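Heads up: the structure comes next, in structure tokens.
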Amino acid sequence: MHAWEAVQKSVDYIEEHLQENIRAEVLAEIAGLSPFYFQRLFKRLVNKPLQEYVKLRRLAEAIDTLNTGNPRILDVALDYGFASHSNFTRAFKDTYGITPEEYKKHRPLLNTFVKPILSLGYEMADEGVPLIVENIILEIRREHLDTPEVYLGLSADVSITAQTPVGERTGIDVPGQLWISYHKEKKAIDQYIHPNIELGMSYSADEEKETFSYFAGGLAKNIPQKLNGGFVQQELPEGDYIVCSIEAESFEELVSSALDQAGKYLFSTWLPRHGLTTKPFSAEKYNMTLQETNRMEIWVAPVTLSKE
């Protein structure tokens, strides 16, 4: 058994027992490792210490529970292993920047830590051949765009450090909130955009400010002389691309855990192993005219890594 397979067993166990007491010794036994070596290997492969990971997954599941009916915050806290209301509130605010009460009142989208699929760090998808991992289907191909595609939508700055998987931290999901705003306001530009083709783009990283810009919008059918209401124009340039298509069982899973896992796989595993990096942007493309409604694509412009 590979080391990642042993740790994946413990990750799967954690997921099934988030509402129970989880002991490192039990997890180590499941993985067939000593407690000391298990915790070192877990941190290396999951990129979080064991207890921190358990806390983040419990908080992520607690958010789902808070969205189901109208449970008492104290009950949710106790169900997920927090000793008290205040202990839960402290952990919640440290992780997401708001209290559970504020979350229940405003219901912002939160950037949570998802359960990892460790095999994605060790499996290699051939171009044009689907890779099936758990409930996700990935397929990678090369694409050439002959002419630029122009999109109209909204843009916002995002903190790099507070946006998983880039910064591996959690907080308000600014791109997700931007999509909500776009879908509420896009009727103002309906006459100019294709109703079923949308694009999200990360670009213009500012290392000094530790931010990048994110755009959410629709494919332009024609371009107005002037854009009002905060709408901006963004372009997917002509050129060569690596395209990673993603399919999942539900749209909610597609734009959360599946997108997170696919992004990590593409940028951390597939591209480096092919001697590639990318130009400083990436795009998420949605085409609702396709039969596979729970499908999207990540578009990146490849650059060959220097051998020096």
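Residues in the structure tokens are named by chain (A, B, ... in the order shown) and by number from 1 within that chain; ligands are numbered from 1 in the order shown.
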Can you check which residues of segment 186-306 of chain A DSSP gives as strand (DSSP E) on the backbone and send them as a compact mmCIF listing (two decimals) with all heavy atoms, in the first residue's frame?
# COMPACT_ATOMS: atom_id res chain seq x y z
N ILE A 193 -25.65 39.94 -23.97
CA ILE A 193 -24.91 38.72 -23.61
C ILE A 193 -25.65 37.45 -24.04
O ILE A 193 -26.87 37.42 -24.15
CB ILE A 193 -24.62 38.65 -22.10
CG1 ILE A 193 -25.92 38.69 -21.29
CG2 ILE A 193 -23.66 39.74 -21.67
CD1 ILE A 193 -25.74 38.47 -19.81
N HIS A 194 -24.84 36.40 -24.26
CA HIS A 194 -25.37 35.07 -24.53
C HIS A 194 -25.94 34.54 -23.21
O HIS A 194 -25.27 34.58 -22.18
CB HIS A 194 -24.26 34.16 -25.04
CG HIS A 194 -24.74 32.86 -25.60
ND1 HIS A 194 -25.30 31.88 -24.82
CD2 HIS A 194 -24.75 32.38 -26.87
CE1 HIS A 194 -25.62 30.84 -25.58
NE2 HIS A 194 -25.30 31.12 -26.83
N PRO A 195 -27.17 34.00 -23.21
CA PRO A 195 -27.80 33.60 -21.94
C PRO A 195 -27.19 32.37 -21.28
O PRO A 195 -27.39 32.15 -20.09
CB PRO A 195 -29.26 33.34 -22.33
CG PRO A 195 -29.19 32.98 -23.79
CD PRO A 195 -28.07 33.82 -24.36
N ASN A 196 -26.43 31.57 -22.03
CA ASN A 196 -26.02 30.27 -21.49
C ASN A 196 -24.52 30.04 -21.41
O ASN A 196 -24.09 28.95 -21.05
CB ASN A 196 -26.65 29.14 -22.33
CG ASN A 196 -28.15 29.12 -22.21
OD1 ASN A 196 -28.69 29.18 -21.12
ND2 ASN A 196 -28.83 29.04 -23.35
N ILE A 197 -23.70 31.03 -21.76
CA ILE A 197 -22.25 30.84 -21.71
C ILE A 197 -21.66 31.89 -20.77
O ILE A 197 -21.82 33.10 -20.99
CB ILE A 197 -21.61 30.95 -23.09
CG1 ILE A 197 -22.17 29.86 -24.02
CG2 ILE A 197 -20.09 30.80 -22.99
CD1 ILE A 197 -21.64 29.90 -25.43
N GLU A 198 -21.00 31.42 -19.70
CA GLU A 198 -20.47 32.33 -18.68
C GLU A 198 -19.00 32.01 -18.40
O GLU A 198 -18.53 30.89 -18.66
CB GLU A 198 -21.28 32.22 -17.39
CG GLU A 198 -22.72 32.67 -17.56
CD GLU A 198 -23.55 32.57 -16.30
OE1 GLU A 198 -23.17 31.80 -15.38
OE2 GLU A 198 -24.59 33.24 -16.24
N LEU A 199 -18.31 33.01 -17.85
CA LEU A 199 -16.88 32.86 -17.58
C LEU A 199 -16.52 33.50 -16.25
O LEU A 199 -16.96 34.62 -15.94
CB LEU A 199 -16.07 33.55 -18.69
CG LEU A 199 -14.54 33.35 -18.62
CD1 LEU A 199 -14.17 32.04 -19.31
CD2 LEU A 199 -13.82 34.51 -19.32
N GLY A 200 -15.74 32.79 -15.45
CA GLY A 200 -15.09 33.36 -14.29
C GLY A 200 -13.60 33.41 -14.56
O GLY A 200 -13.04 32.43 -15.08
N MET A 201 -12.94 34.52 -14.26
CA MET A 201 -11.51 34.63 -14.56
C MET A 201 -10.76 35.23 -13.39
O MET A 201 -11.17 36.24 -12.83
CB MET A 201 -11.27 35.48 -15.81
CG MET A 201 -9.79 35.59 -16.18
SD MET A 201 -9.46 36.69 -17.60
CE MET A 201 -10.05 35.67 -18.94
N SER A 202 -9.63 34.59 -13.03
CA SER A 202 -8.70 35.12 -12.04
C SER A 202 -7.52 35.72 -12.79
O SER A 202 -6.93 35.05 -13.65
CB SER A 202 -8.21 34.01 -11.10
OG SER A 202 -9.30 33.38 -10.46
N TYR A 203 -7.16 36.97 -12.47
CA TYR A 203 -6.11 37.66 -13.23
C TYR A 203 -5.54 38.82 -12.41
O TYR A 203 -6.02 39.12 -11.30
CB TYR A 203 -6.68 38.19 -14.55
CG TYR A 203 -7.78 39.22 -14.37
CD1 TYR A 203 -7.53 40.58 -14.53
CD2 TYR A 203 -9.07 38.83 -14.02
CE1 TYR A 203 -8.53 41.52 -14.35
CE2 TYR A 203 -10.08 39.76 -13.84
CZ TYR A 203 -9.80 41.11 -14.00
OH TYR A 203 -10.80 42.04 -13.80
N SER A 204 -4.53 39.47 -12.94
CA SER A 204 -3.94 40.68 -12.35
C SER A 204 -3.57 40.51 -10.88
O SER A 204 -4.00 41.28 -10.02
CB SER A 204 -4.88 41.88 -12.52
OG SER A 204 -5.06 42.20 -13.87
N ALA A 205 -2.76 39.49 -10.60
CA ALA A 205 -2.29 39.31 -9.22
C ALA A 205 -1.36 40.46 -8.84
O ALA A 205 -0.52 40.89 -9.62
CB ALA A 205 -1.56 37.98 -9.09
N ASP A 206 -1.53 40.97 -7.60
CA ASP A 206 -0.69 42.03 -7.06
C ASP A 206 0.03 41.46 -5.84
O ASP A 206 -0.56 41.34 -4.77
CB ASP A 206 -1.55 43.24 -6.69
CG ASP A 206 -0.71 44.45 -6.29
OD1 ASP A 206 0.33 44.26 -5.63
OD2 ASP A 206 -1.11 45.58 -6.62
N THR A 211 -3.27 40.36 -3.50
CA THR A 211 -4.62 40.24 -4.05
C THR A 211 -4.54 39.81 -5.52
O THR A 211 -3.50 39.89 -6.15
CB THR A 211 -5.39 41.57 -3.98
OG1 THR A 211 -4.70 42.54 -4.78
CG2 THR A 211 -5.53 42.07 -2.56
N PHE A 212 -5.66 39.32 -6.03
CA PHE A 212 -5.84 39.16 -7.46
C PHE A 212 -7.24 39.64 -7.81
O PHE A 212 -8.09 39.82 -6.92
CB PHE A 212 -5.63 37.70 -7.90
CG PHE A 212 -6.64 36.71 -7.37
CD1 PHE A 212 -7.80 36.41 -8.08
CD2 PHE A 212 -6.42 36.05 -6.16
CE1 PHE A 212 -8.72 35.50 -7.59
CE2 PHE A 212 -7.33 35.13 -5.67
CZ PHE A 212 -8.49 34.86 -6.39
N SER A 213 -7.49 39.88 -9.07
CA SER A 213 -8.81 40.31 -9.51
C SER A 213 -9.59 39.10 -10.01
O SER A 213 -9.02 38.16 -10.57
CB SER A 213 -8.70 41.35 -10.63
OG SER A 213 -8.09 42.53 -10.16
N TYR A 214 -10.90 39.12 -9.79
CA TYR A 214 -11.76 38.04 -10.27
C TYR A 214 -12.92 38.66 -11.04
O TYR A 214 -13.53 39.64 -10.61
CB TYR A 214 -12.30 37.19 -9.11
CG TYR A 214 -13.07 35.98 -9.58
CD1 TYR A 214 -12.41 34.80 -9.90
CD2 TYR A 214 -14.45 36.03 -9.72
CE1 TYR A 214 -13.11 33.69 -10.36
CE2 TYR A 214 -15.16 34.92 -10.17
CZ TYR A 214 -14.49 33.76 -10.49
OH TYR A 214 -15.19 32.67 -10.95
N PHE A 215 -13.21 38.07 -12.19
CA PHE A 215 -14.29 38.53 -13.06
C PHE A 215 -15.35 37.45 -13.17
O PHE A 215 -15.03 36.26 -13.28
CB PHE A 215 -13.73 38.86 -14.45
CG PHE A 215 -14.78 39.09 -15.50
CD1 PHE A 215 -15.30 40.36 -15.71
CD2 PHE A 215 -15.23 38.04 -16.30
CE1 PHE A 215 -16.27 40.58 -16.69
CE2 PHE A 215 -16.19 38.25 -17.28
CZ PHE A 215 -16.71 39.53 -17.47
N ALA A 216 -16.63 37.83 -13.19
CA ALA A 216 -17.74 36.91 -13.42
C ALA A 216 -18.67 37.54 -14.43
O ALA A 216 -19.13 38.67 -14.23
CB ALA A 216 -18.49 36.62 -12.11
N GLY A 217 -18.95 36.84 -15.52
CA GLY A 217 -19.80 37.45 -16.53
C GLY A 217 -20.24 36.50 -17.61
O GLY A 217 -19.96 35.29 -17.58
N GLY A 218 -20.93 37.06 -18.63
CA GLY A 218 -21.48 36.28 -19.73
C GLY A 218 -20.84 36.66 -21.05
O GLY A 218 -20.34 37.78 -21.23
N LEU A 219 -20.86 35.72 -22.01
CA LEU A 219 -20.28 35.93 -23.33
C LEU A 219 -21.07 37.01 -24.07
O LEU A 219 -22.30 36.96 -24.16
CB LEU A 219 -20.32 34.62 -24.12
CG LEU A 219 -19.78 34.67 -25.55
CD1 LEU A 219 -18.29 34.97 -25.55
CD2 LEU A 219 -20.07 33.36 -26.28
N ALA A 220 -20.36 37.99 -24.61
CA ALA A 220 -21.00 39.12 -25.29
C ALA A 220 -21.47 38.71 -26.69
O ALA A 220 -20.72 38.12 -27.47
CB ALA A 220 -20.04 40.29 -25.38
N VAL A 232 -18.09 45.61 -16.42
CA VAL A 232 -16.82 45.79 -17.11
C VAL A 232 -16.71 44.76 -18.23
O VAL A 232 -17.49 43.80 -18.30
CB VAL A 232 -15.61 45.65 -16.16
CG1 VAL A 232 -15.63 46.73 -15.09
CG2 VAL A 232 -15.60 44.26 -15.50
N GLN A 233 -15.75 44.95 -19.08
CA GLN A 233 -15.49 44.05 -20.20
C GLN A 233 -14.21 43.26 -19.93
O GLN A 233 -13.23 43.80 -19.45
CB GLN A 233 -15.35 44.87 -21.48
CG GLN A 233 -15.06 44.08 -22.72
CD GLN A 233 -14.99 44.99 -23.95
OE1 GLN A 233 -15.81 45.89 -24.11
NE2 GLN A 233 -14.01 44.74 -24.80
N GLN A 234 -14.25 41.96 -20.20
CA GLN A 234 -13.08 41.11 -20.00
C GLN A 234 -12.93 40.21 -21.23
O GLN A 234 -13.92 39.82 -21.86
CB GLN A 234 -13.22 40.26 -18.73
CG GLN A 234 -12.00 39.44 -18.38
CD GLN A 234 -10.76 40.29 -18.20
OE1 GLN A 234 -9.91 40.34 -19.08
NE2 GLN A 234 -10.64 40.99 -17.09
N GLU A 235 -11.70 39.87 -21.54
CA GLU A 235 -11.43 39.11 -22.76
C GLU A 235 -10.68 37.83 -22.45
O GLU A 235 -9.73 37.81 -21.66
CB GLU A 235 -10.60 39.98 -23.71
CG GLU A 235 -10.31 39.35 -25.06
CD GLU A 235 -9.49 40.27 -25.95
OE1 GLU A 235 -10.09 41.19 -26.56
OE2 GLU A 235 -8.25 40.09 -26.00
N LEU A 236 -11.11 36.73 -23.08
CA LEU A 236 -10.34 35.49 -23.10
C LEU A 236 -9.55 35.54 -24.40
O LEU A 236 -10.11 35.42 -25.49
CB LEU A 236 -11.26 34.27 -23.07
CG LEU A 236 -10.58 32.90 -22.98
CD1 LEU A 236 -9.82 32.76 -21.67
CD2 LEU A 236 -11.61 31.77 -23.12
N GLY A 239 -5.32 32.16 -28.72
CA GLY A 239 -4.09 31.47 -28.41
C GLY A 239 -4.30 30.01 -28.04
O GLY A 239 -5.40 29.46 -28.18
N ASP A 240 -3.23 29.38 -27.54
CA ASP A 240 -3.25 27.97 -27.16
C ASP A 240 -3.60 27.82 -25.68
O ASP A 240 -3.12 28.60 -24.84
CB ASP A 240 -1.89 27.33 -27.43
CG ASP A 240 -1.58 27.28 -28.92
OD1 ASP A 240 -2.50 26.98 -29.71
OD2 ASP A 240 -0.42 27.55 -29.30
N TYR A 241 -4.38 26.79 -25.37
CA TYR A 241 -4.84 26.57 -24.00
C TYR A 241 -4.74 25.10 -23.62
O TYR A 241 -4.84 24.21 -24.47
CB TYR A 241 -6.30 27.02 -23.83
CG TYR A 241 -6.47 28.53 -23.87
CD1 TYR A 241 -6.69 29.18 -25.08
CD2 TYR A 241 -6.39 29.28 -22.72
CE1 TYR A 241 -6.83 30.56 -25.13
CE2 TYR A 241 -6.54 30.66 -22.75
CZ TYR A 241 -6.76 31.29 -23.95
OH TYR A 241 -6.89 32.66 -23.98
N ILE A 242 -4.56 24.87 -22.33
CA ILE A 242 -4.82 23.57 -21.71
C ILE A 242 -6.20 23.70 -21.08
O ILE A 242 -6.44 24.64 -20.30
CB ILE A 242 -3.78 23.21 -20.65
CG1 ILE A 242 -2.37 23.15 -21.26
CG2 ILE A 242 -4.14 21.90 -19.96
CD1 ILE A 242 -2.16 22.02 -22.24
N VAL A 243 -7.09 22.76 -21.39
CA VAL A 243 -8.46 22.82 -20.88
C VAL A 243 -8.73 21.58 -20.04
O VAL A 243 -8.56 20.45 -20.51
CB VAL A 243 -9.49 22.90 -22.02
CG1 VAL A 243 -10.91 22.95 -21.46
CG2 VAL A 243 -9.22 24.14 -22.89
N CYS A 244 -9.14 21.80 -18.80
CA CYS A 244 -9.49 20.70 -17.89
C CYS A 244 -11.00 20.73 -17.69
O CYS A 244 -11.53 21.63 -17.05
CB CYS A 244 -8.77 20.86 -16.55
SG CYS A 244 -9.22 19.60 -15.31
N SER A 245 -11.70 19.76 -18.27
CA SER A 245 -13.15 19.68 -18.08
C SER A 245 -13.46 18.89 -16.82
O SER A 245 -12.75 17.93 -16.48
CB SER A 245 -13.84 19.06 -19.30
OG SER A 245 -13.51 17.69 -19.40
N ILE A 246 -14.52 19.30 -16.13
CA ILE A 246 -14.89 18.71 -14.85
C ILE A 246 -16.37 18.36 -14.88
O ILE A 246 -17.19 19.19 -15.30
CB ILE A 246 -14.65 19.70 -13.68
CG1 ILE A 246 -13.28 20.36 -13.79
CG2 ILE A 246 -14.82 19.01 -12.34
CD1 ILE A 246 -13.15 21.61 -12.93
N GLU A 247 -16.72 17.17 -14.44
CA GLU A 247 -18.11 16.78 -14.27
C GLU A 247 -18.31 16.28 -12.85
O GLU A 247 -17.44 15.62 -12.29
CB GLU A 247 -18.50 15.68 -15.27
CG GLU A 247 -18.50 16.12 -16.72
CD GLU A 247 -18.95 15.02 -17.66
OE1 GLU A 247 -19.87 14.27 -17.28
OE2 GLU A 247 -18.37 14.91 -18.76
N LEU A 276 5.22 22.29 -17.54
CA LEU A 276 4.48 23.49 -17.91
C LEU A 276 4.13 24.33 -16.69
O LEU A 276 3.91 23.81 -15.59
CB LEU A 276 3.18 23.12 -18.64
CG LEU A 276 3.30 22.36 -19.95
CD1 LEU A 276 1.93 21.89 -20.42
CD2 LEU A 276 3.96 23.23 -21.01
N THR A 277 4.07 25.62 -16.89
CA THR A 277 3.42 26.53 -15.97
C THR A 277 2.39 27.29 -16.82
O THR A 277 2.06 26.85 -17.92
CB THR A 277 4.42 27.47 -15.28
OG1 THR A 277 3.72 28.30 -14.34
CG2 THR A 277 5.15 28.33 -16.27
N THR A 278 1.85 28.41 -16.34
CA THR A 278 0.82 29.11 -17.11
C THR A 278 1.05 30.61 -17.10
O THR A 278 1.76 31.15 -16.24
CB THR A 278 -0.59 28.84 -16.54
OG1 THR A 278 -0.71 29.47 -15.26
CG2 THR A 278 -0.84 27.35 -16.40
N PHE A 281 -3.12 34.03 -15.49
CA PHE A 281 -4.57 34.08 -15.34
C PHE A 281 -5.11 32.66 -15.53
O PHE A 281 -4.45 31.79 -16.09
CB PHE A 281 -5.21 35.04 -16.35
CG PHE A 281 -5.27 34.49 -17.76
CD1 PHE A 281 -6.36 33.76 -18.21
CD2 PHE A 281 -4.22 34.70 -18.64
CE1 PHE A 281 -6.41 33.26 -19.50
CE2 PHE A 281 -4.25 34.20 -19.93
CZ PHE A 281 -5.36 33.47 -20.36
N SER A 282 -6.31 32.43 -15.05
CA SER A 282 -7.02 31.18 -15.35
C SER A 282 -8.50 31.50 -15.44
O SER A 282 -8.99 32.45 -14.82
CB SER A 282 -6.77 30.11 -14.27
OG SER A 282 -7.34 30.51 -13.04
N ALA A 283 -9.21 30.71 -16.24
CA ALA A 283 -10.63 30.98 -16.48
C ALA A 283 -11.46 29.73 -16.20
O ALA A 283 -11.02 28.61 -16.45
CB ALA A 283 -10.85 31.44 -17.91
N GLU A 284 -12.66 29.95 -15.69
CA GLU A 284 -13.64 28.88 -15.48
C GLU A 284 -14.78 29.14 -16.46
O GLU A 284 -15.44 30.17 -16.39
CB GLU A 284 -14.18 28.91 -14.04
CG GLU A 284 -13.11 28.87 -12.97
CD GLU A 284 -13.54 29.65 -11.73
OE1 GLU A 284 -14.76 29.90 -11.57
OE2 GLU A 284 -12.68 30.03 -10.94
N LYS A 285 -15.01 28.20 -17.35
CA LYS A 285 -15.99 28.40 -18.41
C LYS A 285 -17.19 27.47 -18.21
O LYS A 285 -17.03 26.27 -17.99
CB LYS A 285 -15.33 28.12 -19.77
CG LYS A 285 -16.00 28.76 -20.96
CD LYS A 285 -15.11 28.60 -22.19
CE LYS A 285 -15.69 29.28 -23.40
NZ LYS A 285 -14.81 29.12 -24.59
N TYR A 286 -18.38 28.05 -18.28
CA TYR A 286 -19.63 27.30 -18.11
C TYR A 286 -20.45 27.43 -19.38
O TYR A 286 -20.70 28.54 -19.86
CB TYR A 286 -20.45 27.85 -16.93
CG TYR A 286 -19.71 27.86 -15.62
CD1 TYR A 286 -18.86 28.92 -15.28
CD2 TYR A 286 -19.86 26.82 -14.71
CE1 TYR A 286 -18.19 28.94 -14.07
CE2 TYR A 286 -19.18 26.83 -13.49
CZ TYR A 286 -18.35 27.89 -13.19
OH TYR A 286 -17.68 27.91 -11.99
N ASN A 287 -20.87 26.30 -19.93
CA ASN A 287 -21.71 26.32 -21.13
C ASN A 287 -22.98 25.53 -20.83
O ASN A 287 -23.00 24.30 -20.90
CB ASN A 287 -20.96 25.71 -22.32
CG ASN A 287 -21.71 25.86 -23.63
OD1 ASN A 287 -22.92 26.11 -23.64
ND2 ASN A 287 -21.00 25.72 -24.73
N ARG A 295 -21.28 20.43 -15.55
CA ARG A 295 -19.99 20.37 -16.23
C ARG A 295 -19.43 21.77 -16.41
O ARG A 295 -20.17 22.71 -16.66
CB ARG A 295 -20.15 19.69 -17.59
CG ARG A 295 -18.85 19.48 -18.38
CD ARG A 295 -19.15 18.72 -19.66
NE ARG A 295 -17.92 18.45 -20.41
CZ ARG A 295 -17.38 19.28 -21.29
NH1 ARG A 295 -17.96 20.46 -21.53
NH2 ARG A 295 -16.28 18.97 -21.94
N MET A 296 -18.13 21.90 -16.28
CA MET A 296 -17.46 23.17 -16.49
C MET A 296 -16.04 22.89 -16.97
O MET A 296 -15.61 21.73 -17.01
CB MET A 296 -17.42 24.00 -15.21
CG MET A 296 -16.61 23.35 -14.09
SD MET A 296 -16.34 24.44 -12.70
CE MET A 296 -15.26 25.66 -13.45
N GLU A 297 -15.32 23.96 -17.35
CA GLU A 297 -13.95 23.79 -17.83
C GLU A 297 -13.04 24.85 -17.20
O GLU A 297 -13.44 26.00 -17.03
CB GLU A 297 -13.90 23.94 -19.36
CG GLU A 297 -14.69 22.88 -20.10
CD GLU A 297 -14.74 23.13 -21.60
OE1 GLU A 297 -14.56 24.30 -22.01
OE2 GLU A 297 -14.95 22.16 -22.35
N ILE A 298 -11.81 24.44 -16.89
CA ILE A 298 -10.76 25.37 -16.49
C ILE A 298 -9.86 25.59 -17.70
O ILE A 298 -9.36 24.62 -18.28
CB ILE A 298 -9.93 24.83 -15.31
CG1 ILE A 298 -10.81 24.54 -14.09
CG2 ILE A 298 -8.82 25.82 -14.93
CD1 ILE A 298 -10.07 23.87 -12.94
N TRP A 299 -9.68 26.85 -18.09
CA TRP A 299 -8.83 27.20 -19.22
C TRP A 299 -7.59 27.92 -18.72
O TRP A 299 -7.69 28.91 -17.99
CB TRP A 299 -9.58 28.13 -20.19
CG TRP A 299 -10.62 27.44 -21.03
CD1 TRP A 299 -11.67 26.70 -20.58
CD2 TRP A 299 -10.71 27.46 -22.45
NE1 TRP A 299 -12.42 26.25 -21.63
CE2 TRP A 299 -11.85 26.70 -22.80
CE3 TRP A 299 -9.95 28.04 -23.47
CZ2 TRP A 299 -12.25 26.53 -24.13
CZ3 TRP A 299 -10.34 27.86 -24.79
CH2 TRP A 299 -11.48 27.10 -25.11
N VAL A 300 -6.40 27.42 -19.11
CA VAL A 300 -5.14 28.10 -18.77
C VAL A 300 -4.27 28.15 -20.00
O VAL A 300 -4.32 27.26 -20.87
CB VAL A 300 -4.39 27.37 -17.62
CG1 VAL A 300 -5.19 27.43 -16.33
CG2 VAL A 300 -4.06 25.93 -17.98
N PRO A 302 -0.70 27.74 -21.44
CA PRO A 302 0.52 27.07 -20.98
C PRO A 302 1.79 27.81 -21.36
O PRO A 302 1.88 28.46 -22.39
CB PRO A 302 0.47 25.71 -21.66
CG PRO A 302 -0.31 25.98 -22.93
CD PRO A 302 -1.33 27.02 -22.58
N VAL A 303 2.79 27.69 -20.49
CA VAL A 303 4.13 28.22 -20.73
C VAL A 303 5.10 27.12 -20.32
O VAL A 303 4.99 26.55 -19.24
CB VAL A 303 4.40 29.49 -19.89
CG1 VAL A 303 5.84 29.96 -20.09
CG2 VAL A 303 3.43 30.60 -20.27
N THR A 304 6.07 26.81 -21.19
CA THR A 304 7.05 25.76 -20.89
C THR A 304 8.01 26.23 -19.80
O THR A 304 8.53 27.35 -19.85
CB THR A 304 7.86 25.40 -22.14
OG1 THR A 304 6.97 24.96 -23.17
CG2 THR A 304 8.85 24.28 -21.85
Can you check which residues of segment 15-211 of chain A DSSP gives as alpha helix (DSSP H) on the backbone and send them as a PyMOL selection string?
-> chain A and resi 15-16+24-31+35-46+50-66+73-79+85-96+100-106+174-185
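Coordinates place atom CA of Lys9 of chain A at a distance of 6.3 Å from atom CA of Ala31 of chain A.
The list of residues with at least one atom within 10 Å of His274 of chain A, based on only C-alpha atoms and without residues fewer than 5 positions apart in the same chain, reads Met124, Thr269, Thr304 and Leu305 of chain A.
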Can those selected residues be exported to a file as a PDB file, in the first residue's frame so that it contains C-alpha atoms?
ATOM      1  CA  MET A 124      -1.694  11.139 -14.320  1.00  0.00           C
ATOM      2  CA  THR A 269       0.319  17.810 -10.476  1.00  0.00           C
ATOM      3  CA  THR A 304       7.054  25.757 -20.893  1.00  0.00           C
ATOM      4  CA  LEU A 305       9.107  25.716 -17.704  1.00  0.00           C
TER       5      LEU A 305
END
Å distance separating atom CA of Ser256 of chain A from atom CA of Glu52 of chain A, one decimal place =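 The value is 20.3 Å.
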Long-range neighbours of Glu210 of chain A as a list in words, 8 Å cut-off, only C-alpha atoms, 6 positions minimum in chain = Ser159, Ile160 and Thr161 of chain A
